[in-house]
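One file, coords-v4.txt, carrying compact mmCIF, N, CA and C atoms:
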# COMPACT_ATOMS: atom_id res chain seq x y z
N MET A 1 0.82 -1.19 0.00
CA MET A 1 0.00 0.00 0.00
C MET A 1 0.87 1.26 0.00
N PHE A 2 1.80 1.36 0.97
CA PHE A 2 2.68 2.53 1.07
C PHE A 2 4.13 2.08 0.95
N GLN A 3 4.47 1.33 -0.08
CA GLN A 3 5.81 0.76 -0.20
C GLN A 3 6.90 1.82 -0.27
N ASP A 4 6.65 2.96 -0.88
CA ASP A 4 7.68 3.98 -1.08
C ASP A 4 7.52 5.14 -0.11
N SER A 5 7.11 4.86 1.10
CA SER A 5 6.87 5.92 2.08
C SER A 5 7.73 5.69 3.32
N PRO A 6 8.82 6.44 3.45
CA PRO A 6 9.68 6.26 4.64
C PRO A 6 8.95 6.60 5.94
N ILE A 7 8.00 7.52 5.88
CA ILE A 7 7.25 7.86 7.09
C ILE A 7 6.42 6.66 7.54
N TYR A 8 5.74 6.00 6.59
CA TYR A 8 4.94 4.82 6.91
C TYR A 8 5.83 3.70 7.44
N ASP A 9 6.99 3.50 6.81
CA ASP A 9 7.93 2.47 7.28
C ASP A 9 8.38 2.75 8.71
N ARG A 10 8.65 4.02 9.02
CA ARG A 10 9.08 4.38 10.37
C ARG A 10 7.95 4.15 11.38
N LEU A 11 6.72 4.50 11.00
CA LEU A 11 5.59 4.26 11.90
C LEU A 11 5.39 2.78 12.16
N ILE A 12 5.54 1.95 11.14
CA ILE A 12 5.42 0.50 11.33
C ILE A 12 6.51 0.00 12.26
N ALA A 13 7.72 0.51 12.09
CA ALA A 13 8.82 0.10 12.96
C ALA A 13 8.56 0.51 14.41
N GLU A 14 7.97 1.70 14.61
CA GLU A 14 7.73 2.19 15.97
C GLU A 14 6.48 1.59 16.62
N ARG A 15 5.40 1.50 15.84
CA ARG A 15 4.09 1.13 16.41
C ARG A 15 3.58 -0.23 15.98
N GLY A 16 4.20 -0.84 15.00
CA GLY A 16 3.69 -2.09 14.46
C GLY A 16 2.76 -1.79 13.30
N ASP A 17 2.41 -2.82 12.55
CA ASP A 17 1.55 -2.65 11.38
C ASP A 17 0.09 -2.71 11.84
N VAL A 18 -0.39 -1.59 12.35
CA VAL A 18 -1.74 -1.51 12.92
C VAL A 18 -2.82 -1.87 11.89
N PRO A 19 -2.77 -1.35 10.65
CA PRO A 19 -3.81 -1.76 9.69
C PRO A 19 -3.86 -3.27 9.47
N ALA A 20 -2.72 -3.92 9.42
CA ALA A 20 -2.71 -5.38 9.24
C ALA A 20 -3.28 -6.08 10.48
N GLN A 21 -2.97 -5.57 11.66
CA GLN A 21 -3.51 -6.16 12.89
C GLN A 21 -5.02 -6.01 12.94
N VAL A 22 -5.52 -4.84 12.56
CA VAL A 22 -6.96 -4.60 12.56
C VAL A 22 -7.63 -5.51 11.54
N ARG A 23 -7.03 -5.66 10.38
CA ARG A 23 -7.60 -6.53 9.34
C ARG A 23 -7.69 -7.97 9.83
N ARG A 24 -6.62 -8.46 10.47
CA ARG A 24 -6.63 -9.84 10.99
C ARG A 24 -7.71 -10.01 12.06
N GLU A 25 -7.83 -9.03 12.94
CA GLU A 25 -8.83 -9.11 14.00
C GLU A 25 -10.24 -9.09 13.42
N ALA A 26 -10.47 -8.24 12.43
CA ALA A 26 -11.80 -8.18 11.78
C ALA A 26 -12.13 -9.50 11.11
N GLU A 27 -11.14 -10.13 10.47
CA GLU A 27 -11.37 -11.43 9.84
C GLU A 27 -11.68 -12.50 10.88
N ARG A 28 -10.98 -12.45 12.02
CA ARG A 28 -11.23 -13.42 13.09
C ARG A 28 -12.65 -13.26 13.64
N VAL A 29 -13.05 -12.03 13.89
CA VAL A 29 -14.40 -11.77 14.41
C VAL A 29 -15.44 -12.23 13.40
N SER A 30 -15.19 -11.97 12.13
CA SER A 30 -16.12 -12.39 11.08
C SER A 30 -16.28 -13.91 11.06
N ARG A 31 -15.17 -14.64 11.19
CA ARG A 31 -15.23 -16.11 11.22
C ARG A 31 -16.02 -16.59 12.45
N GLU A 32 -15.77 -15.96 13.61
CA GLU A 32 -16.50 -16.36 14.82
C GLU A 32 -17.99 -16.10 14.68
N LEU A 33 -18.34 -14.97 14.09
CA LEU A 33 -19.75 -14.67 13.89
C LEU A 33 -20.41 -15.68 12.96
N GLU A 34 -19.71 -16.09 11.92
CA GLU A 34 -20.25 -17.11 11.03
C GLU A 34 -20.53 -18.40 11.79
N LEU A 35 -19.61 -18.79 12.67
CA LEU A 35 -19.81 -20.00 13.45
C LEU A 35 -20.98 -19.87 14.41
N VAL A 36 -21.11 -18.72 15.03
CA VAL A 36 -22.18 -18.50 16.00
C VAL A 36 -23.54 -18.46 15.29
N MET A 37 -23.59 -17.84 14.13
CA MET A 37 -24.86 -17.69 13.42
C MET A 37 -25.27 -18.97 12.69
N ARG A 38 -24.35 -19.83 12.38
CA ARG A 38 -24.65 -21.03 11.60
C ARG A 38 -25.66 -21.96 12.28
N PRO A 39 -25.56 -22.25 13.60
CA PRO A 39 -26.54 -23.16 14.20
C PRO A 39 -27.98 -22.68 14.09
N SER A 40 -28.24 -21.39 14.26
CA SER A 40 -29.61 -20.90 14.17
C SER A 40 -30.13 -21.04 12.74
N GLN A 41 -29.28 -20.92 11.76
CA GLN A 41 -29.71 -21.10 10.37
C GLN A 41 -30.04 -22.56 10.10
N SER A 42 -29.24 -23.47 10.63
CA SER A 42 -29.47 -24.88 10.34
C SER A 42 -30.71 -25.41 11.07
N LEU A 43 -31.11 -24.77 12.17
CA LEU A 43 -32.30 -25.21 12.90
C LEU A 43 -33.58 -24.64 12.31
N GLY A 44 -33.45 -23.76 11.35
CA GLY A 44 -34.61 -23.21 10.69
C GLY A 44 -35.25 -22.03 11.38
N TYR A 45 -34.55 -21.40 12.30
CA TYR A 45 -35.10 -20.21 12.95
C TYR A 45 -35.13 -19.07 11.96
N ASP A 46 -36.21 -18.31 11.99
CA ASP A 46 -36.30 -17.12 11.15
C ASP A 46 -35.71 -15.96 11.91
N ARG A 47 -34.93 -15.19 11.21
CA ARG A 47 -34.39 -13.98 11.81
C ARG A 47 -35.39 -12.85 11.62
N PRO A 48 -35.41 -11.90 12.55
CA PRO A 48 -36.29 -10.74 12.39
C PRO A 48 -35.92 -9.98 11.12
N HIS A 49 -36.91 -9.41 10.47
CA HIS A 49 -36.66 -8.69 9.23
C HIS A 49 -36.21 -7.26 9.47
N SER A 50 -36.52 -6.71 10.63
CA SER A 50 -36.08 -5.36 10.93
C SER A 50 -35.26 -5.40 12.21
N PRO A 51 -34.31 -4.49 12.35
CA PRO A 51 -33.47 -4.49 13.55
C PRO A 51 -34.31 -4.34 14.81
N GLY A 52 -34.07 -5.19 15.77
CA GLY A 52 -34.75 -5.09 17.05
C GLY A 52 -36.11 -5.74 17.09
N ALA A 53 -36.63 -6.23 15.98
CA ALA A 53 -37.98 -6.78 15.98
C ALA A 53 -38.09 -8.04 16.83
N GLY A 54 -36.99 -8.74 17.05
CA GLY A 54 -37.04 -9.97 17.82
C GLY A 54 -37.04 -9.75 19.31
N TRP A 55 -36.68 -8.56 19.79
CA TRP A 55 -36.60 -8.38 21.22
C TRP A 55 -37.51 -7.29 21.75
N GLN A 56 -38.12 -6.49 20.92
CA GLN A 56 -38.98 -5.42 21.40
C GLN A 56 -40.33 -5.97 21.84
N ARG A 57 -40.87 -5.39 22.89
CA ARG A 57 -42.19 -5.81 23.37
C ARG A 57 -43.26 -5.18 22.50
N ALA A 58 -44.29 -5.94 22.27
CA ALA A 58 -45.45 -5.42 21.54
C ALA A 58 -46.33 -4.68 22.54
N GLY A 59 -46.92 -3.59 22.12
CA GLY A 59 -47.80 -2.81 22.99
C GLY A 59 -49.21 -3.37 22.98
N MET A 60 -49.37 -4.60 23.45
CA MET A 60 -50.69 -5.24 23.42
C MET A 60 -51.13 -5.58 24.83
N LEU A 61 -52.41 -5.56 25.05
CA LEU A 61 -52.97 -5.93 26.34
C LEU A 61 -53.00 -7.44 26.47
N PRO A 62 -53.04 -7.96 27.71
CA PRO A 62 -53.14 -9.41 27.89
C PRO A 62 -54.43 -9.94 27.27
N GLY A 63 -54.36 -11.17 26.87
CA GLY A 63 -55.54 -11.80 26.29
C GLY A 63 -55.23 -12.36 24.92
N PRO A 64 -56.25 -12.86 24.24
CA PRO A 64 -56.00 -13.46 22.92
C PRO A 64 -55.53 -12.40 21.93
N ARG A 65 -54.61 -12.80 21.12
CA ARG A 65 -54.07 -11.90 20.13
C ARG A 65 -54.84 -12.01 18.83
N PRO A 66 -55.03 -10.89 18.14
CA PRO A 66 -55.73 -10.96 16.85
C PRO A 66 -54.91 -11.71 15.82
N GLN A 67 -55.58 -12.37 14.92
CA GLN A 67 -54.89 -13.16 13.88
C GLN A 67 -54.50 -12.32 12.73

Kindly transcribe the structure held in the file into structure tokens.
Amino acid sequence: MFQDSPIYDRLIAERGDVPAQVRREAERVSRELELVMRPSQSLGYDRPHSPGAGWQRAGMLPGPRPQ
């Protein structure tokens, strides 16, 4: 990416290759998420279609629910 940049080379020498570390960590998290999400997919659970729809309470009174 910055092969001809002495400033970038010096920063890597002083601080480490932070972009590469972040990339590796993001890939690791992505792999873990795939593993965590895979069982729910294989069991046939439907995911909510909108964010938060699976955990928000409905504003309904007790009793039979309308169809």

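Pairwise distance (CA of Arg28 in chain A, CA of Ser5 in chain A) equals 28.7 Å.
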
One-decimal distance in Å that lies between CA of Asp4 in chain A and CA of Gln21 in chain A: 20.6 Å

Could you check how far CA of Leu11 in chain A sits from CA of Arg23 in chain A, in Å to one decimal? 17.2 Å
